[in-house]
Amino acid sequence: MSVPAVTASPTARERGSLRQILRFTVVVAGLLVVVPWVVPPYTAILLAYGLIMAIGALGFNLLLGYTGLLSFGHSAYFGVGAYAVALMVKYLKVGSMELHLLGAIVASVIVTGVFGVVCVRYTRIFFGILTLALSQVLWSLAFKFFWVTGGTDGLRVPTPSLLAGLVTGKGDKTDFMSHAYYYYVLVVFFACVGLMWVIVNSPFGKALQAIRDNETRAEFVGVRIWRYRWLAFLVSGVFTGIAGALWVPLNGLTTPDIMHWTFSGEIVFMTVLGGFRSFAGPIIGAVVFNYLKTYAVGYTVYWQLLLGAVLVALVLSLPTGIVGTAGRLAARWRRGG
């Protein structure tokens with residue numbers, strides 16, 4: 001007499017999956033915490049750059065991966081965050097990183113909210129072209145109003161104070177950036193990842209995915225398409241603005257280049273490289289892209305050619321991104337085992 005196979009319930013499988021994700025997250029968090037103590041300062045600073053860009057890519061992927069909208073203008077919101085910090089430093093003499101983040105969030109909400117009203121009425125290529133055009137408007141303003149923004153010379157941003165002045169950047173700047181500021185970025189990164197995880201797994205996130213999969217059916221069941229898209233656009237822009245605010249003290253200078261459409265292309269590429277159909281894809285893609293670009297720049301003056309060739313090879317060989325390909329290989333290994 002054969003005994004019927006017992007299969008795990010969906011709830012049990014979901015709990016098991018959550019436990020695996022939690023264990024993986026704890027391991028990664030532990031590794032990130034010890035990084036400044038086991039690698040050279042320059043490597044820790046590069047990782048901080050990667051984590052910052054991962055925040056921006058997470059925000060971008062809320063539109064691309066979860067709402068189905070491809071934006072070519074996210075450099076605008078990154079630049080808004082960076083310039084908000086730079087202008088606060090120059091004209092208001094603000095040196096607190098907490099106030100910098102607050103100012104960047106407020107500026108990002110205003111700009112993204114206004115741009116979103118225009119953009120989310122359209123989809124597909126029309127949405128992409130509108131976001132590109134609006135970002136170029138901001139780039140032009142930053143370029144032309146040089147008496148405010150510094151033009152191509154940019155605005156210098158000195159080392160900020162952290163935790164309401166309890167931690168300052170006086171002394172060795174490299175040591176400060178590779179330790180104190182790295183941990184500050186890490187905490188904000190974890191907070192953004194946790195918040196985005198809640199958003200995409202909430203009823204709001206499920207509604208966005210319904211809009212992505214079938215807009216007509218989503219509207220039929222009562223989802224207010226325009227409102228949900230606008231809110232997704234707003235949240236996406238704020239995350240990218242936070243990334244810009246964290247980036248500029250680390251870089252020490254902001255120029256109109258970060259608002260140019262080519263920088264938007266980098267954000268798109270980070271997300272696609274990691275895998276925009278997965279939550280962790282943009283994070284992995286941003287870190288990998290940052291290291292690839294850095295080492296390509298240091299290796300040859302023709303770094304654009306080298307980087308482009310490497311990225312094209314990666315995209316062709318990993319069509320579902322790094323995370324998607326890794327997931328398929330892991331599933332195949334489990335079936336084989």
# chains A, B, ... in the order shown; residues from 1 in each chain; ligands from 1
$ select_by_dssp --residues "range 150-265 of chain A" --states "strand (DSSP E)" --output "number ranges by chain"
A: 155-156, 253-254
$ residues_around --residues "Tyr183 in chain A" --least-positions-apart "5" --cutoff "12 Å" --atoms "only C-alpha atoms" --output "compact mmCIF listing (two decimals) with N, CA and C atoms, in the first residue's frame"
# COMPACT_ATOMS: atom_id res chain seq x y z
N ALA A 29 24.33 41.22 6.82
CA ALA A 29 24.47 42.36 7.73
C ALA A 29 25.72 42.23 8.57
N LEU A 32 28.73 43.08 6.42
CA LEU A 32 28.82 44.52 6.15
C LEU A 32 29.30 45.29 7.37
N VAL A 33 28.94 44.83 8.55
CA VAL A 33 29.35 45.52 9.78
C VAL A 33 30.86 45.43 9.99
N VAL A 34 31.46 44.30 9.65
CA VAL A 34 32.90 44.13 9.92
C VAL A 34 33.78 44.62 8.78
N VAL A 35 33.19 45.05 7.68
CA VAL A 35 33.97 45.45 6.51
C VAL A 35 35.06 46.48 6.83
N PRO A 36 34.76 47.60 7.53
CA PRO A 36 35.80 48.61 7.76
C PRO A 36 37.00 48.12 8.54
N TRP A 37 36.85 47.01 9.25
CA TRP A 37 37.94 46.51 10.09
C TRP A 37 38.77 45.44 9.41
N ALA A 44 36.42 50.14 1.73
CA ALA A 44 35.22 50.43 2.52
C ALA A 44 34.46 51.63 1.95
N ILE A 45 35.20 52.64 1.52
CA ILE A 45 34.56 53.82 0.93
C ILE A 45 33.87 53.45 -0.38
N LEU A 47 32.58 50.58 -1.08
CA LEU A 47 31.37 49.86 -0.71
C LEU A 47 30.29 50.83 -0.24
N ALA A 48 30.69 51.89 0.46
CA ALA A 48 29.72 52.90 0.88
C ALA A 48 29.07 53.54 -0.35
N LEU A 51 26.53 51.05 -1.62
CA LEU A 51 25.31 50.98 -0.80
C LEU A 51 24.42 52.20 -1.04
N ILE A 52 25.05 53.35 -1.23
CA ILE A 52 24.27 54.56 -1.52
C ILE A 52 23.54 54.42 -2.86
N LEU A 162 27.62 64.09 12.41
CA LEU A 162 26.66 63.00 12.49
C LEU A 162 26.03 62.94 13.87
N LEU A 163 24.83 62.43 13.94
CA LEU A 163 24.13 62.20 15.20
C LEU A 163 24.06 63.47 16.04
N VAL A 167 29.24 63.12 16.54
CA VAL A 167 30.38 62.62 15.76
C VAL A 167 30.71 63.66 14.70
N ASP A 175 39.71 58.28 7.33
CA ASP A 175 39.30 57.41 8.43
C ASP A 175 37.84 57.65 8.80
N PHE A 176 37.43 58.91 8.79
CA PHE A 176 36.04 59.25 9.12
C PHE A 176 35.09 58.64 8.10
N MET A 177 35.42 58.78 6.82
CA MET A 177 34.53 58.28 5.77
C MET A 177 34.48 56.76 5.73
N SER A 178 35.59 56.12 6.05
CA SER A 178 35.64 54.66 5.96
C SER A 178 35.12 53.97 7.22
N VAL A 188 21.34 53.86 7.40
CA VAL A 188 20.31 54.40 6.50
C VAL A 188 19.95 53.38 5.42
N PHE A 189 20.95 52.67 4.92
CA PHE A 189 20.72 51.64 3.91
C PHE A 189 19.79 50.55 4.45
N PHE A 190 20.06 50.05 5.64
CA PHE A 190 19.21 49.02 6.22
C PHE A 190 17.80 49.54 6.45
N LEU A 246 23.17 61.36 0.59
CA LEU A 246 24.26 60.59 1.21
C LEU A 246 25.52 60.60 0.35
$ atom_distance --atom1 "CA of Ala107 in chain A" --atom2 "CA of Gly237 in chain A"
10.2 Å
$ closest_atom_pairs --of "range 135-194 of chain A" --to "range 81-87 of chain A" --cutoff "7 Å" --atoms "only C-alpha atoms" --output "tab-separated table"
residue	atom	partner	partner_atom	distance
A:Leu155	CA	A:Ala86	CA	6.1
A:Arg156	CA	A:Ala86	CA	6.9
A:Val157	CA	A:Ala86	CA	5.7
$ closest_residue --among "A:Met259, A:Val288, A:Val310, A:Val117" --to "Gly241 in chain A" --atoms "only C-alpha atoms"
A:Met259
$ residues_around --residues "range 207-211 of chain A" --least-positions-apart "6" --cutoff "12 Å" --atoms "only C-alpha atoms" --output "PyMOL selection string"
chain A and resi 61-69+123+199-201+217-233+277
$ residues_around --residues "Leu46 in chain A" --least-positions-apart "6" --cutoff "10 Å" --atoms "only C-alpha atoms" --output "ChimeraX atom specification"
/A:52,178,182,250,287,290-291,294
$ decode --residues "range 133-173 of chain A" --atoms "C-alpha atoms" --output "CSV table (one decimal), in the first residue's frame"
chain,number,residue,atom,x,y,z
A,133,ALA,CA,12.8,65.7,-20.7
A,134,LEU,CA,12.1,66.9,-17.2
A,135,SER,CA,15.4,65.7,-15.9
A,136,GLN,CA,17.2,67.6,-18.6
A,137,VAL,CA,15.3,70.7,-17.6
A,138,LEU,CA,16.8,70.4,-14.1
A,139,TRP,CA,20.2,69.7,-15.5
A,140,SER,CA,20.0,72.9,-17.7
A,141,LEU,CA,18.9,75.0,-14.7
A,142,ALA,CA,21.8,73.7,-12.6
A,143,PHE,CA,24.2,74.4,-15.6
A,144,LYS,CA,22.9,77.9,-16.4
A,145,PHE,CA,22.2,79.4,-13.0
A,146,PHE,CA,25.9,79.2,-12.1
A,147,TRP,CA,25.7,82.1,-9.7
A,148,VAL,CA,23.5,79.8,-7.5
A,149,THR,CA,24.7,76.3,-8.3
A,150,GLY,CA,28.3,77.0,-9.2
A,151,GLY,CA,27.8,75.7,-12.7
A,152,THR,CA,30.4,73.3,-14.0
A,153,ASP,CA,32.6,74.2,-11.0
A,154,GLY,CA,29.9,72.8,-8.7
A,155,LEU,CA,29.4,73.3,-5.0
A,156,ARG,CA,31.8,71.9,-2.4
A,157,VAL,CA,30.3,70.0,0.5
A,158,PRO,CA,32.6,69.6,3.5
A,159,THR,CA,32.5,66.6,5.9
A,160,PRO,CA,29.2,66.8,7.9
A,161,SER,CA,28.6,66.1,11.6
A,162,LEU,CA,26.7,63.0,12.5
A,163,LEU,CA,24.1,62.2,15.2
A,164,ALA,CA,23.3,65.8,16.1
A,165,GLY,CA,27.0,66.8,16.4
A,166,LEU,CA,28.1,63.8,18.5
A,167,VAL,CA,30.4,62.6,15.8
A,168,THR,CA,32.4,65.1,13.7
A,169,GLY,CA,34.7,64.8,10.7
A,170,LYS,CA,37.6,66.7,12.3
A,171,GLY,CA,40.9,64.9,11.7
A,172,ASP,CA,41.6,62.3,9.2
A,173,LYS,CA,38.8,62.5,6.6
